[in-house]
Amino acid sequence: MEDIWQSVDKIISEKRILLKQKIDVDKPTIIICAGLHGNEPLGVIALKRVISKLINQEIKINGNILAFVGNPSALKKKKRFIDIDLNRIWFDKERKDLHEFSQLDEIKNLIENFDKDIKVDNKFFIDLHTTSSKSIPFIVVSKNKASIDYSKKFPFPVVVNLDQFIDGTLISFLELKGYKGLAFEGGFHEDKSVLQHHEYFIWKALIDSKIIEADLSYINSSLTISRREILFAKDDLFEIKYRHNVTSQSSFKMMPGYENFQQISKSQALAVENGNEIISPFDGRIFLPLYQQNGSDGFFIIQSINY
Ligand SMILES: [Zn+2]
């Protein structure tokens with residue numbers, strides 16, 4: 001991990017805006033955020049790489065782009081957040097004197113200024129993240145039909161209802177402003193293939209939304225997505241059916257070795273909590289198993305659905 005952070009240190013600054021180009025309020029529009037969580041630098045590096053290529057190769061931008069870093073100070077400190085999770089507070093009524101509330105205000109101003117006279121319906125938002133345990137790349141969207149349709153353009157599994165369990169995300173805020181939004185989890189924080197996943201995703205988003213006119217294979221001849229990921233992802237849409245809540249008093253420990261999206265069957269032992277074995281209530285796939293120190297989401301169980 002250290003070498004990733006060394007390269008991050010070279011390019012990460014306190015600067016928020018990576019690219020802001022508004023050429024025509026009648027043209028397609030995209031907002032891209034990376035580093036909303038400060039311990040997830042690879043999305044920021046990928047976004048910077050794509051922007052450098054856009055500029056250096058003078059690729060014609062035929063729409064409006066806003067690309068920014070969510071929490072630059074947290075990124076500098078290599079921490080998920082300074083005081084509070086910036087991706088949980090977008091609808092908080094009470095303002096608190098915490099670092100992330102000042103970040104929220106800055107981002108809100110930035111977005112509102114950028115968005116205020118945009119006239120088109122073709123408005124997209126992508127939010128780049130990475131995961132704390134090993135995972136194939138995946139997409140998270142709300143049950144907003146337009147966002148689900150948008151997510152199907154990308155060759156990755158899609159989980160549709162995390163917003164029912166997690167409040168106050170930046171995506172929900174932008175959906176209210178008419179954006180088709182999704183979060184892309186490119187894989188494990190420390191896995192370098194994540195950079196390729198993110199770059200691929202950004203290019204595909206720019207091309208599909210007609211912000212740039214280019215051939216993905218030309219731009220991305222060096223970007224490969226593993227065959228396993230593509231095969232797995234084929235038409236896969238999942239819904240969360242179950243969440244195991246962890247209270248601060250309980251001693252919760254996942255059984256070792258579960259990978260995100262791993263298939264599980266009914267009655268399979270998943271974790272141990274206060275000396276009791278926790279078994280799966282039904283068949284499905286495990287989603288976001290908790291292997292970090294803290295968190296109230298022990299694990300989720302997802303099942304595939306048609307939409
Ligand atoms: Zn994140």
# chains A, B, ... in the order shown; residues from 1 in each chain; ligands from 1
$ residues_near_ligand --ligand "ligand 1" --cutoff "10 Å" --atoms "only C-alpha atoms and all ligand atoms" --output "VMD selection string"
chain A and resid 34 to 41 43 80 85 to 87 127 to 132 183 to 186 189
$ write_last_selection --atoms "N, CA and C atoms" --output "mmCIF file, in the first residue's frame"
data_model
loop_
_atom_site.group_PDB
_atom_site.id
_atom_site.type_symbol
_atom_site.label_atom_id
_atom_site.label_comp_id
_atom_site.auth_asym_id
_atom_site.auth_seq_id
_atom_site.Cartn_x
_atom_site.Cartn_y
_atom_site.Cartn_z
ATOM 1 N N ALA A 34 -14.509 12.020 -7.009
ATOM 2 C CA ALA A 34 -13.622 10.967 -6.481
ATOM 3 C C ALA A 34 -13.102 11.443 -5.134
ATOM 4 N N GLY A 35 -12.708 10.502 -4.295
ATOM 5 C CA GLY A 35 -12.127 10.877 -3.008
ATOM 6 C C GLY A 35 -13.110 11.529 -2.048
ATOM 7 N N LEU A 36 -14.368 11.124 -2.143
ATOM 8 C CA LEU A 36 -15.339 11.594 -1.145
ATOM 9 C C LEU A 36 -14.943 10.983 0.209
ATOM 10 N N HIS A 37 -14.355 9.795 0.133
ATOM 11 C CA HIS A 37 -13.721 9.176 1.304
ATOM 12 C C HIS A 37 -12.205 9.286 1.133
ATOM 13 N N GLY A 38 -11.536 9.851 2.154
ATOM 14 C CA GLY A 38 -10.115 10.171 2.015
ATOM 15 C C GLY A 38 -9.182 8.977 1.978
ATOM 16 N N ASN A 39 -9.674 7.795 2.358
ATOM 17 C CA ASN A 39 -8.805 6.613 2.308
ATOM 18 C C ASN A 39 -8.977 5.844 0.996
ATOM 19 N N GLU A 40 -9.537 6.533 -0.009
ATOM 20 C CA GLU A 40 -9.792 5.875 -1.295
ATOM 21 C C GLU A 40 -9.147 6.694 -2.423
ATOM 22 N N PRO A 41 -7.806 6.681 -2.495
ATOM 23 C CA PRO A 41 -7.107 7.576 -3.427
ATOM 24 C C PRO A 41 -7.152 7.144 -4.894
ATOM 25 N N GLY A 43 -9.420 6.308 -7.035
ATOM 26 C CA GLY A 43 -10.389 6.982 -7.900
ATOM 27 C C GLY A 43 -9.878 8.355 -8.318
ATOM 28 N N ARG A 80 -10.532 8.126 6.102
ATOM 29 C CA ARG A 80 -11.858 8.106 5.461
ATOM 30 C C ARG A 80 -12.544 9.465 5.619
ATOM 31 N N ASP A 85 -18.523 11.030 8.393
ATOM 32 C CA ASP A 85 -18.568 10.513 7.022
ATOM 33 C C ASP A 85 -19.289 11.502 6.090
ATOM 34 N N LEU A 86 -18.559 12.037 5.116
ATOM 35 C CA LEU A 86 -19.110 13.051 4.201
ATOM 36 C C LEU A 86 -20.195 12.485 3.283
ATOM 37 N N ASN A 87 -20.277 11.161 3.205
ATOM 38 C CA ASN A 87 -21.306 10.572 2.336
ATOM 39 C C ASN A 87 -22.525 10.080 3.114
ATOM 40 N N ASP A 127 -19.811 8.648 -8.965
ATOM 41 C CA ASP A 127 -19.102 8.832 -7.704
ATOM 42 C C ASP A 127 -18.169 7.631 -7.538
ATOM 43 N N LEU A 128 -16.848 7.883 -7.524
ATOM 44 C CA LEU A 128 -15.877 6.780 -7.550
ATOM 45 C C LEU A 128 -15.422 6.405 -6.134
ATOM 46 N N HIS A 129 -15.543 5.123 -5.834
ATOM 47 C CA HIS A 129 -15.155 4.631 -4.505
ATOM 48 C C HIS A 129 -14.333 3.356 -4.625
ATOM 49 N N THR A 130 -13.754 2.932 -3.479
ATOM 50 C CA THR A 130 -13.142 1.601 -3.397
ATOM 51 C C THR A 130 -13.607 0.944 -2.096
ATOM 52 N N THR A 131 -13.398 -0.374 -1.997
ATOM 53 C CA THR A 131 -13.950 -1.120 -0.857
ATOM 54 C C THR A 131 -12.861 -1.530 0.139
ATOM 55 N N SER A 132 -13.267 -1.795 1.371
ATOM 56 C CA SER A 132 -12.296 -2.104 2.426
ATOM 57 C C SER A 132 -11.921 -3.587 2.454
ATOM 58 N N ALA A 183 -22.855 5.093 -8.008
ATOM 59 C CA ALA A 183 -21.538 5.000 -7.382
ATOM 60 C C ALA A 183 -20.850 3.786 -7.975
ATOM 61 N N PHE A 184 -19.580 3.933 -8.291
ATOM 62 C CA PHE A 184 -18.812 2.805 -8.796
ATOM 63 C C PHE A 184 -17.766 2.437 -7.761
ATOM 64 N N GLU A 185 -17.845 1.204 -7.285
ATOM 65 C CA GLU A 185 -16.849 0.682 -6.345
ATOM 66 C C GLU A 185 -15.873 -0.125 -7.186
ATOM 67 N N GLY A 186 -14.660 0.423 -7.357
ATOM 68 C CA GLY A 186 -13.719 -0.174 -8.322
ATOM 69 C C GLY A 186 -12.998 -1.411 -7.829
ATOM 70 N N HIS A 189 -9.385 -1.174 -1.804
ATOM 71 C CA HIS A 189 -8.562 0.044 -1.682
ATOM 72 C C HIS A 189 -7.120 -0.102 -2.194
#
$ residues_around --residues "range 162-171 of chain A" --least-positions-apart "2" --cutoff "6 Å" --atoms "only C-alpha atoms" --output "list in words"
Asn87, Arg88, Ile89, Trp90, Phe91, Ser142, Phe173, Leu174 and Gly181 of chain A
$ atom_distance --atom1 "CA of Leu290 in chain A" --atom2 "CA of Glu175 in chain A"
28.1 Å
$ select_by_dssp --residues "range 50-277 of chain A" --states "helix (DSSP H, G or I)" --output "NGL selection string"
:A and (50-56 or 72-76 or 99-115 or 145-151 or 162-164 or 170-176 or 193-208 or 216-219 or 227-233)
$ closest_residue --among "A:Lys76, A:Lys15, A:Lys180, A:Arg285" --to "Ile240 in chain A" --atoms "only C-alpha atoms"
A:Arg285
$ select_by_dssp --residues "range 168-305 of chain A" --states "strand (DSSP E or B)" --output "NGL selection string"
:A and (180-188 or 212 or 237-245 or 252-254 or 263-264 or 269-273 or 276-279 or 284-287 or 297-304)
$ write_last_selection --atoms "N, CA and C atoms" --output "compact mmCIF listing (two decimals), in the first residue's frame"
# COMPACT_ATOMS: atom_id res chain seq x y z
N LYS A 180 -28.95 11.37 -13.36
CA LYS A 180 -28.93 9.91 -13.30
C LYS A 180 -27.62 9.57 -12.61
N GLY A 181 -27.71 9.02 -11.42
CA GLY A 181 -26.48 8.90 -10.64
C GLY A 181 -26.14 7.49 -10.25
N LEU A 182 -24.85 7.20 -10.15
CA LEU A 182 -24.43 5.91 -9.62
C LEU A 182 -23.08 6.02 -8.95
N ALA A 183 -22.86 5.09 -8.01
CA ALA A 183 -21.54 5.00 -7.38
C ALA A 183 -20.85 3.79 -7.97
N PHE A 184 -19.58 3.93 -8.29
CA PHE A 184 -18.81 2.80 -8.80
C PHE A 184 -17.77 2.44 -7.76
N GLU A 185 -17.85 1.20 -7.29
CA GLU A 185 -16.85 0.68 -6.35
C GLU A 185 -15.87 -0.12 -7.19
N GLY A 186 -14.66 0.42 -7.36
CA GLY A 186 -13.72 -0.17 -8.32
C GLY A 186 -13.00 -1.41 -7.83
N GLY A 187 -13.17 -1.77 -6.55
CA GLY A 187 -12.46 -2.92 -5.98
C GLY A 187 -11.80 -2.50 -4.68
N PHE A 188 -10.93 -3.39 -4.18
CA PHE A 188 -10.26 -3.20 -2.88
C PHE A 188 -9.34 -1.97 -2.90
N ILE A 212 -17.73 13.14 -24.99
CA ILE A 212 -16.65 13.09 -25.99
C ILE A 212 -17.02 12.09 -27.07
N LEU A 237 -28.23 -7.96 -11.80
CA LEU A 237 -28.83 -6.88 -11.03
C LEU A 237 -29.25 -7.51 -9.70
N PHE A 238 -28.86 -6.88 -8.62
CA PHE A 238 -29.13 -7.47 -7.30
C PHE A 238 -29.87 -6.50 -6.41
N GLU A 239 -30.62 -7.09 -5.48
CA GLU A 239 -31.30 -6.27 -4.49
C GLU A 239 -30.90 -6.78 -3.10
N ILE A 240 -30.70 -5.83 -2.18
CA ILE A 240 -30.39 -6.24 -0.81
C ILE A 240 -31.66 -6.75 -0.14
N LYS A 241 -31.58 -7.97 0.40
CA LYS A 241 -32.75 -8.57 1.04
C LYS A 241 -32.61 -8.58 2.55
N TYR A 242 -31.40 -8.42 3.03
CA TYR A 242 -31.19 -8.60 4.46
C TYR A 242 -29.96 -7.82 4.91
N ARG A 243 -30.05 -7.20 6.08
CA ARG A 243 -28.89 -6.52 6.68
C ARG A 243 -28.73 -7.00 8.10
N HIS A 244 -27.52 -7.39 8.43
CA HIS A 244 -27.28 -7.80 9.82
C HIS A 244 -26.72 -6.62 10.59
N ASN A 245 -27.49 -6.14 11.56
CA ASN A 245 -27.09 -4.98 12.34
C ASN A 245 -26.11 -5.38 13.45
N PHE A 252 -18.78 -8.79 17.33
CA PHE A 252 -19.15 -9.38 16.04
C PHE A 252 -17.88 -9.73 15.28
N LYS A 253 -17.83 -10.93 14.75
CA LYS A 253 -16.69 -11.31 13.93
C LYS A 253 -17.16 -12.15 12.75
N MET A 254 -16.88 -11.67 11.55
CA MET A 254 -17.19 -12.48 10.36
C MET A 254 -16.32 -13.73 10.40
N GLN A 263 -21.27 -16.60 -3.27
CA GLN A 263 -22.54 -17.29 -3.12
C GLN A 263 -22.63 -17.97 -1.74
N ILE A 264 -23.77 -17.88 -1.09
CA ILE A 264 -23.95 -18.55 0.20
C ILE A 264 -25.29 -19.28 0.20
N ALA A 269 -22.91 -20.90 8.10
CA ALA A 269 -22.39 -20.04 9.17
C ALA A 269 -21.62 -18.86 8.57
N LEU A 270 -21.99 -17.65 8.97
CA LEU A 270 -21.37 -16.46 8.39
C LEU A 270 -20.51 -15.69 9.39
N ALA A 271 -20.92 -15.71 10.65
CA ALA A 271 -20.21 -14.88 11.62
C ALA A 271 -20.46 -15.44 13.02
N VAL A 272 -19.72 -14.90 13.97
CA VAL A 272 -19.95 -15.23 15.38
C VAL A 272 -20.19 -13.92 16.13
N GLU A 273 -21.26 -13.91 16.91
CA GLU A 273 -21.59 -12.69 17.64
C GLU A 273 -21.97 -13.06 19.07
N ASN A 276 -22.43 -16.64 19.76
CA ASN A 276 -23.41 -17.39 18.96
C ASN A 276 -23.06 -17.35 17.48
N GLU A 277 -23.29 -18.49 16.83
CA GLU A 277 -23.05 -18.54 15.39
C GLU A 277 -24.20 -17.84 14.66
N ILE A 278 -23.86 -16.98 13.71
CA ILE A 278 -24.89 -16.32 12.90
C ILE A 278 -24.97 -17.07 11.58
N ILE A 279 -26.18 -17.58 11.27
CA ILE A 279 -26.29 -18.33 10.02
C ILE A 279 -27.14 -17.56 9.01
N GLY A 284 -28.32 -16.90 -1.27
CA GLY A 284 -28.07 -15.60 -1.91
C GLY A 284 -26.59 -15.39 -2.07
N ARG A 285 -26.21 -14.12 -2.04
CA ARG A 285 -24.78 -13.78 -2.08
C ARG A 285 -24.50 -12.83 -0.94
N ILE A 286 -23.31 -12.98 -0.36
CA ILE A 286 -22.95 -12.08 0.71
C ILE A 286 -22.46 -10.76 0.12
N PHE A 287 -22.81 -9.66 0.78
CA PHE A 287 -22.46 -8.34 0.25
C PHE A 287 -21.91 -7.49 1.39
N ASP A 297 -22.88 -2.24 9.98
CA ASP A 297 -23.38 -3.19 8.99
C ASP A 297 -22.51 -4.44 9.04
N GLY A 298 -23.02 -5.49 9.68
CA GLY A 298 -22.23 -6.73 9.79
C GLY A 298 -22.02 -7.35 8.43
N PHE A 299 -23.12 -7.52 7.72
CA PHE A 299 -23.09 -7.98 6.32
C PHE A 299 -24.48 -7.77 5.75
N PHE A 300 -24.56 -7.80 4.44
CA PHE A 300 -25.85 -7.79 3.75
C PHE A 300 -25.97 -9.11 2.98
N ILE A 301 -27.20 -9.49 2.66
CA ILE A 301 -27.40 -10.61 1.72
C ILE A 301 -28.18 -10.07 0.53
N ILE A 302 -27.66 -10.36 -0.66
CA ILE A 302 -28.33 -9.88 -1.87
C ILE A 302 -28.83 -11.06 -2.70
N GLN A 303 -29.85 -10.81 -3.48
CA GLN A 303 -30.35 -11.83 -4.42
C GLN A 303 -30.57 -11.17 -5.76
N SER A 304 -30.42 -11.94 -6.84
CA SER A 304 -30.58 -11.32 -8.15
C SER A 304 -32.05 -11.08 -8.45
$ atom_distance --atom1 "CA of Ser248 in chain A" --atom2 "CA of Pro289 in chain A"
16.6 Å
$ atom_distance --atom1 "CA of Val141 in chain A" --atom2 "CA of Ile107 in chain A"
20.6 Å
$ residues_around --residues "Pro28 in chain A" --least-positions-apart "5" --cutoff "8 Å" --atoms "only C-alpha atoms" --output "PyMOL selection string"
chain A and resi 62-64+120-123+209-211
$ closest_residue --among "A:Leu216, A:Val246, A:Ile84, A:Met255" --to "Ser296 in chain A" --atoms "only C-alpha atoms"
A:Val246
$ residues_around --residues "range 44-59 of chain A" --least-positions-apart "6" --cutoff "10 Å" --atoms "only C-alpha atoms" --output "number ranges by chain"
A: 4, 7-8, 11-12, 18-19, 32-36, 38, 67-70, 72, 75, 128-129, 194-203, 212-214, 219
$ write_last_selection --atoms "N, CA and C atoms" --output "short mmCIF file (atom, residue, chain, number, x, y, z; two decimals), in the first residue's frame"
data_model
loop_
_atom_site.label_atom_id
_atom_site.label_comp_id
_atom_site.auth_asym_id
_atom_site.auth_seq_id
_atom_site.Cartn_x
_atom_site.Cartn_y
_atom_site.Cartn_z
N ILE A 4 1.48 3.05 -3.25
CA ILE A 4 0.32 3.78 -3.76
C ILE A 4 0.26 5.15 -3.11
N SER A 7 2.80 7.60 -4.48
CA SER A 7 2.40 8.24 -5.73
C SER A 7 1.25 9.21 -5.50
N VAL A 8 0.42 8.90 -4.52
CA VAL A 8 -0.68 9.81 -4.20
C VAL A 8 -0.11 11.13 -3.69
N ILE A 11 0.78 13.68 -6.27
CA ILE A 11 -0.20 14.36 -7.12
C ILE A 11 -1.38 14.96 -6.36
N ILE A 12 -1.56 14.56 -5.11
CA ILE A 12 -2.71 15.07 -4.38
C ILE A 12 -2.38 16.43 -3.78
N LEU A 18 -10.85 19.48 -10.32
CA LEU A 18 -9.89 18.91 -11.26
C LEU A 18 -10.18 19.38 -12.68
N LEU A 19 -11.45 19.53 -13.00
CA LEU A 19 -11.81 20.04 -14.33
C LEU A 19 -13.22 20.62 -14.27
N ILE A 32 -18.41 14.28 -12.04
CA ILE A 32 -17.66 13.11 -11.53
C ILE A 32 -16.97 13.50 -10.23
N CYS A 33 -17.20 12.68 -9.21
CA CYS A 33 -16.57 12.93 -7.91
C CYS A 33 -15.67 11.74 -7.57
N ALA A 34 -14.51 12.02 -7.01
CA ALA A 34 -13.62 10.97 -6.48
C ALA A 34 -13.10 11.44 -5.13
N GLY A 35 -12.71 10.50 -4.29
CA GLY A 35 -12.13 10.88 -3.01
C GLY A 35 -13.11 11.53 -2.05
N LEU A 36 -14.37 11.12 -2.14
CA LEU A 36 -15.34 11.59 -1.14
C LEU A 36 -14.94 10.98 0.21
N GLY A 38 -11.54 9.85 2.15
CA GLY A 38 -10.12 10.17 2.02
C GLY A 38 -9.18 8.98 1.98
N ALA A 67 -15.44 17.88 -12.63
CA ALA A 67 -14.77 16.77 -11.95
C ALA A 67 -14.09 17.32 -10.71
N PHE A 68 -14.36 16.71 -9.58
CA PHE A 68 -13.80 17.27 -8.35
C PHE A 68 -13.46 16.20 -7.31
N VAL A 69 -12.62 16.61 -6.35
CA VAL A 69 -12.24 15.74 -5.23
C VAL A 69 -13.17 16.05 -4.05
N GLY A 70 -13.75 15.01 -3.47
CA GLY A 70 -14.75 15.21 -2.42
C GLY A 70 -14.17 15.77 -1.13
N PRO A 72 -10.55 16.68 0.08
CA PRO A 72 -9.10 16.77 -0.12
C PRO A 72 -8.30 16.69 1.19
N LEU A 75 -8.08 13.16 2.34
CA LEU A 75 -7.19 12.44 1.42
C LEU A 75 -5.73 12.68 1.81
N LEU A 128 -16.85 7.88 -7.52
CA LEU A 128 -15.88 6.78 -7.55
C LEU A 128 -15.42 6.40 -6.13
N HIS A 129 -15.54 5.12 -5.83
CA HIS A 129 -15.16 4.63 -4.50
C HIS A 129 -14.33 3.36 -4.63
N VAL A 194 -7.58 -1.71 -9.57
CA VAL A 194 -8.67 -0.76 -9.36
C VAL A 194 -8.50 0.48 -10.23
N LEU A 195 -7.24 0.88 -10.42
CA LEU A 195 -6.98 2.06 -11.27
C LEU A 195 -7.52 1.84 -12.67
N GLN A 196 -7.27 0.64 -13.20
CA GLN A 196 -7.77 0.34 -14.54
C GLN A 196 -9.28 0.33 -14.58
N HIS A 197 -9.88 -0.27 -13.55
CA HIS A 197 -11.35 -0.31 -13.53
C HIS A 197 -11.93 1.11 -13.54
N HIS A 198 -11.34 1.97 -12.72
CA HIS A 198 -11.85 3.33 -12.64
C HIS A 198 -11.64 4.10 -13.95
N GLU A 199 -10.44 3.94 -14.52
CA GLU A 199 -10.19 4.67 -15.78
C GLU A 199 -11.16 4.20 -16.87
N TYR A 200 -11.32 2.89 -16.95
CA TYR A 200 -12.24 2.32 -17.93
C TYR A 200 -13.64 2.91 -17.73
N PHE A 201 -14.06 2.94 -16.48
CA PHE A 201 -15.40 3.40 -16.15
C PHE A 201 -15.59 4.87 -16.55
N ILE A 202 -14.59 5.70 -16.25
CA ILE A 202 -14.71 7.13 -16.56
C ILE A 202 -14.78 7.34 -18.08
N TRP A 203 -13.89 6.67 -18.81
CA TRP A 203 -13.92 6.81 -20.27
C TRP A 203 -15.27 6.38 -20.84
N ILE A 212 -17.73 13.14 -24.99
CA ILE A 212 -16.65 13.09 -25.99
C ILE A 212 -17.02 12.09 -27.07
N GLU A 213 -16.47 12.33 -28.25
CA GLU A 213 -16.69 11.37 -29.33
C GLU A 213 -15.39 10.63 -29.52
N ALA A 214 -15.34 9.40 -29.08
CA ALA A 214 -14.11 8.64 -29.23
C ALA A 214 -14.46 7.16 -29.17
N ILE A 219 -8.99 4.53 -27.20
CA ILE A 219 -8.50 5.23 -26.01
C ILE A 219 -7.94 4.24 -25.00
#
